[in-house]
Structure formats: structure tokens, C-alpha cells
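To start, the structure itself, in C-alpha cells.
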Amino acid sequence: MTLSETDFRTHSDTALNRLNRNLGVVAEEHDAEVLFQNGVLTIETEEPNPGKIVVSPNAPVRQIWISALSRSFKLDWAGEAFVFTTGETLDILLGRLIGEQLGIDPITL
């Protein structure tokens, strides 16, 4: 589904703001640092696996990109949510990646 840049920014801003709010629990329970700055969401962990997950909108291609676990994931708008090629929504994929980074089950966001 092709989005205008304005629609993309609206959907991506909404999704990232919601994730930022929901990640407060992760930060408290798992000693992770969550930073949302200039439209980019960053989750950093020290234990048990030091690492960083970066979630950022890419307006020119109308995708949300996630960099995590030495990989990149590019999600497209599917009408209701941003979705990865596996069929995972942004929330499900990010919850799984955070769980993998922390060495726990996927987190529900």
C-alpha cells in the first residue's frame, strides 16, 4: 500500500510514540534504557547481552527500519500496521527482538 509522505509520518509517529510509552515497563523491569529522540526510538541493554536496538522511520521509502542483533528489518505499511515480510507486526517483531536481546521470552507491547 503506497502512502503519501504525510500519511507515512502520521502512522509512523503514532506507532513510535505508542511503543515509547509501552517500553517504559521494559526499561523498569529489565534495566534497559529507552530513548525516543528526533523520531528515533533506541533501546539499549547491558545485561545479559549488551546491545542496542534502533527503530527509525525512513520517509523516502515509506518504511520503518529496525536495526537489531546485527541485522536490519524493513517494515511496510499494510493498512492497519507496519508489517515485516514474516507477517510480524512492528509490535510483535520488536517484542521478539527485545526478548532475544534480553535472553527472555518475547515481550508483549
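As shown in the C-alpha cells, the chain order sets the letters A, B, ...; within each chain, residues go from 1, and ligands are also counted from 1 in the order they appear.
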* To do: Would you list the contacts of Asp13 in chain A as a ChimeraX atom specification, taking every protein, DNA or RNA residue within 10 Å and counting only C-alpha atoms, but skipping same-chain residues closer than 6 positions in sequence?
  => /A:7,19,39-40,56-57
Go ahead and dump the residues you just picked, all heavy atoms, as a PDB file, in the first residue's frame.
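The resulting file, out.pdb, is reproduced below:
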ATOM      1  N   ASP A   7       0.953  10.955   5.260  1.00  0.00           N
ATOM      2  CA  ASP A   7       0.296   9.808   5.900  1.00  0.00           C
ATOM      3  C   ASP A   7       1.329   8.890   6.556  1.00  0.00           C
ATOM      4  O   ASP A   7       1.098   8.383   7.656  1.00  0.00           O
ATOM      5  CB  ASP A   7      -0.532   9.020   4.894  1.00  0.00           C
ATOM      6  CG  ASP A   7      -1.803   9.744   4.491  1.00  0.00           C
ATOM      7  OD1 ASP A   7      -2.224  10.686   5.209  1.00  0.00           O
ATOM      8  OD2 ASP A   7      -2.376   9.378   3.448  1.00  0.00           O
ATOM      9  N   LEU A  19       4.891   2.908  21.080  1.00  0.00           N
ATOM     10  CA  LEU A  19       5.943   1.992  21.525  1.00  0.00           C
ATOM     11  C   LEU A  19       6.772   2.616  22.638  1.00  0.00           C
ATOM     12  O   LEU A  19       7.103   1.944  23.617  1.00  0.00           O
ATOM     13  CB  LEU A  19       6.843   1.595  20.352  1.00  0.00           C
ATOM     14  CG  LEU A  19       6.248   0.606  19.369  1.00  0.00           C
ATOM     15  CD1 LEU A  19       7.159   0.463  18.150  1.00  0.00           C
ATOM     16  CD2 LEU A  19       6.031  -0.754  20.028  1.00  0.00           C
ATOM     17  N   GLY A  39      12.407  11.462  16.608  1.00  0.00           N
ATOM     18  CA  GLY A  39      11.668  10.461  15.854  1.00  0.00           C
ATOM     19  C   GLY A  39      12.298   9.092  15.801  1.00  0.00           C
ATOM     20  O   GLY A  39      11.798   8.206  15.122  1.00  0.00           O
ATOM     21  N   VAL A  40      13.410   8.884  16.514  1.00  0.00           N
ATOM     22  CA  VAL A  40      14.113   7.608  16.517  1.00  0.00           C
ATOM     23  C   VAL A  40      14.019   7.004  17.913  1.00  0.00           C
ATOM     24  O   VAL A  40      14.310   7.670  18.907  1.00  0.00           O
ATOM     25  CB  VAL A  40      15.593   7.775  16.106  1.00  0.00           C
ATOM     26  CG1 VAL A  40      16.342   6.454  16.206  1.00  0.00           C
ATOM     27  CG2 VAL A  40      15.678   8.332  14.691  1.00  0.00           C
ATOM     28  N   SER A  56      13.616   3.320  13.451  1.00  0.00           N
ATOM     29  CA  SER A  56      13.550   4.647  12.840  1.00  0.00           C
ATOM     30  C   SER A  56      12.685   4.634  11.586  1.00  0.00           C
ATOM     31  O   SER A  56      12.670   3.663  10.830  1.00  0.00           O
ATOM     32  CB  SER A  56      14.955   5.144  12.494  1.00  0.00           C
ATOM     33  OG  SER A  56      15.598   4.248  11.630  1.00  0.00           O
ATOM     34  N   PRO A  57      11.957   5.730  11.375  1.00  0.00           N
ATOM     35  CA  PRO A  57      11.179   5.856  10.144  1.00  0.00           C
ATOM     36  C   PRO A  57      12.095   6.239   8.986  1.00  0.00           C
ATOM     37  O   PRO A  57      13.073   6.962   9.181  1.00  0.00           O
ATOM     38  CB  PRO A  57      10.201   6.983  10.464  1.00  0.00           C
ATOM     39  CG  PRO A  57      10.880   7.795  11.509  1.00  0.00           C
ATOM     40  CD  PRO A  57      11.765   6.858  12.279  1.00  0.00           C
TER      41      PRO A  57
END
* To do: Check range 43-75 of chain A with DSSP on the backbone and list each residue it calls strand (DSSP E), as a list in words.
  => Ile43, Glu44, Thr45, Gly51, Lys52, Ile53, Val54, Val55, Ser56, Pro57, Asn58, Gln63, Ile64, Trp65, Ile66, Ser67, Ala68, Arg71, Ser72, Phe73, Lys74 and Leu75 of chain A
* So which residues touch Arg9 in chain A within 9 Å, counting only C-alpha atoms, skipping near sequence neighbours fewer than 4 positions away, as number ranges by chain? -> A: 4-5, 13-14, 57, 59, 62
Kindly save the residues from that selection, with N, CA and C atoms included, as a PDB file, in the first residue's frame.
ATOM      1  N   SER A   4       1.219   8.538   1.150  1.00  0.00           N
ATOM      2  CA  SER A   4       1.862   9.836   0.939  1.00  0.00           C
ATOM      3  C   SER A   4       2.857  10.023   2.079  1.00  0.00           C
ATOM      4  N   GLU A   5       3.787  10.939   1.917  1.00  0.00           N
ATOM      5  CA  GLU A   5       4.754  11.183   2.975  1.00  0.00           C
ATOM      6  C   GLU A   5       4.063  11.664   4.244  1.00  0.00           C
ATOM      7  N   ASP A  13       4.790   8.156  13.304  1.00  0.00           N
ATOM      8  CA  ASP A  13       4.858   8.906  14.563  1.00  0.00           C
ATOM      9  C   ASP A  13       3.944   8.287  15.613  1.00  0.00           C
ATOM     10  N   THR A  14       2.737   7.926  15.216  1.00  0.00           N
ATOM     11  CA  THR A  14       1.784   7.301  16.132  1.00  0.00           C
ATOM     12  C   THR A  14       2.343   5.985  16.671  1.00  0.00           C
ATOM     13  N   PRO A  57      11.957   5.730  11.375  1.00  0.00           N
ATOM     14  CA  PRO A  57      11.179   5.856  10.144  1.00  0.00           C
ATOM     15  C   PRO A  57      12.095   6.239   8.986  1.00  0.00           C
ATOM     16  N   ALA A  59      11.259   7.901   5.653  1.00  0.00           N
ATOM     17  CA  ALA A  59      10.196   8.514   4.851  1.00  0.00           C
ATOM     18  C   ALA A  59      10.360   8.328   3.347  1.00  0.00           C
ATOM     19  N   ARG A  62       9.058   5.016   2.724  1.00  0.00           N
ATOM     20  CA  ARG A  62       7.823   4.772   3.484  1.00  0.00           C
ATOM     21  C   ARG A  62       7.886   3.473   4.277  1.00  0.00           C
TER      22      ARG A  62
END
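Atom to atom, CA of Thr45 in chain A and CA of Ser12 in chain A stand 23.8 Å apart.
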* **Secondary structure check, helix (DSSP H, G or I) residues of range 14-65 of chain A, as number ranges by chain** => A: 14-22, 24-30, 59-61
Output the selection as a PDB file, in the first residue's frame - C-alpha atoms for each residue.
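Output file out_22.pdb follows:
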ATOM      1  CA  THR A  14       1.784   7.301  16.132  1.00  0.00           C
ATOM      2  CA  ALA A  15       3.413   3.849  16.179  1.00  0.00           C
ATOM      3  CA  LEU A  16       6.721   5.051  17.632  1.00  0.00           C
ATOM      4  CA  ASN A  17       5.078   7.245  20.270  1.00  0.00           C
ATOM      5  CA  ARG A  18       2.919   4.300  21.387  1.00  0.00           C
ATOM      6  CA  LEU A  19       5.943   1.992  21.525  1.00  0.00           C
ATOM      7  CA  ASN A  20       7.885   4.552  23.541  1.00  0.00           C
ATOM      8  CA  ARG A  21       5.080   4.679  26.131  1.00  0.00           C
ATOM      9  CA  ASN A  22       4.788   0.871  26.257  1.00  0.00           C
ATOM     10  CA  GLY A  24       8.596   2.121  29.967  1.00  0.00           C
ATOM     11  CA  VAL A  25       7.786  -1.218  31.596  1.00  0.00           C
ATOM     12  CA  VAL A  26      10.679  -2.894  29.779  1.00  0.00           C
ATOM     13  CA  ALA A  27      13.053  -0.188  30.970  1.00  0.00           C
ATOM     14  CA  GLU A  28      11.964  -0.613  34.587  1.00  0.00           C
ATOM     15  CA  GLU A  29      11.771  -4.413  34.710  1.00  0.00           C
ATOM     16  CA  HIS A  30      14.868  -5.242  32.675  1.00  0.00           C
ATOM     17  CA  ALA A  59      10.196   8.514   4.851  1.00  0.00           C
ATOM     18  CA  PRO A  60      11.680   8.314   1.326  1.00  0.00           C
ATOM     19  CA  VAL A  61      10.824   4.590   1.091  1.00  0.00           C
TER      20      VAL A  61
END
* Asked: Neighbours of Val83 in chain A within 10 Å (only C-alpha atoms; same-chain residues fewer than 6 positions away dropped), as number ranges by chain?
  -> A: 63-64, 73-77, 89-93
* Asked: Skipping near chain neighbours, those fewer than 2 positions away, what residues fall within 6 Å of Leu41 in chain A using only C-alpha atoms, listed as a PyMOL selection string?
  -> chain A and resi 35-36+54-55
May I have the residues from that selection written out with N, CA, C and O atoms, as a tab-separated table (two decimals), in the first residue's frame?
chain	number	residue	atom	x	y	z
A	35	LEU	N	15.22	5.45	24.78
A	35	LEU	CA	15.36	6.85	24.42
A	35	LEU	C	14.58	7.09	23.13
A	35	LEU	O	14.72	6.35	22.16
A	36	PHE	N	13.74	8.12	23.14
A	36	PHE	CA	12.97	8.50	21.95
A	36	PHE	C	13.33	9.94	21.65
A	36	PHE	O	12.93	10.85	22.36
A	54	VAL	N	17.61	-0.09	17.35
A	54	VAL	CA	17.22	1.23	16.85
A	54	VAL	C	16.03	1.07	15.91
A	54	VAL	O	16.07	0.27	14.99
A	55	VAL	N	14.98	1.85	16.18
A	55	VAL	CA	13.77	1.83	15.36
A	55	VAL	C	13.60	3.22	14.78
A	55	VAL	O	13.49	4.20	15.52
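Taking only C-alpha atoms into account, Leu23 in chain A lies nearest to A:Glu44 out of the set A:Glu80, A:Glu44, A:Asp105, A:Glu88.
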* Asked: If you count only C-alpha atoms, which residues fall within 12 Å of Arg96 in chain A, apart from same-chain ones fewer than 6 positions away, as number ranges by chain?
  -> A: 53, 68-69, 88-90, 102-109
* Structure fact -> The distance between CA of Thr42 in chain A and CA of Thr2 in chain A is 26.5 Å
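Considering the residues A:Gln37, A:Arg71, A:Phe84, A:Lys52 and counting only C-alpha atoms, Ile98 in chain A has its shortest atom-to-atom contact with A:Lys52.
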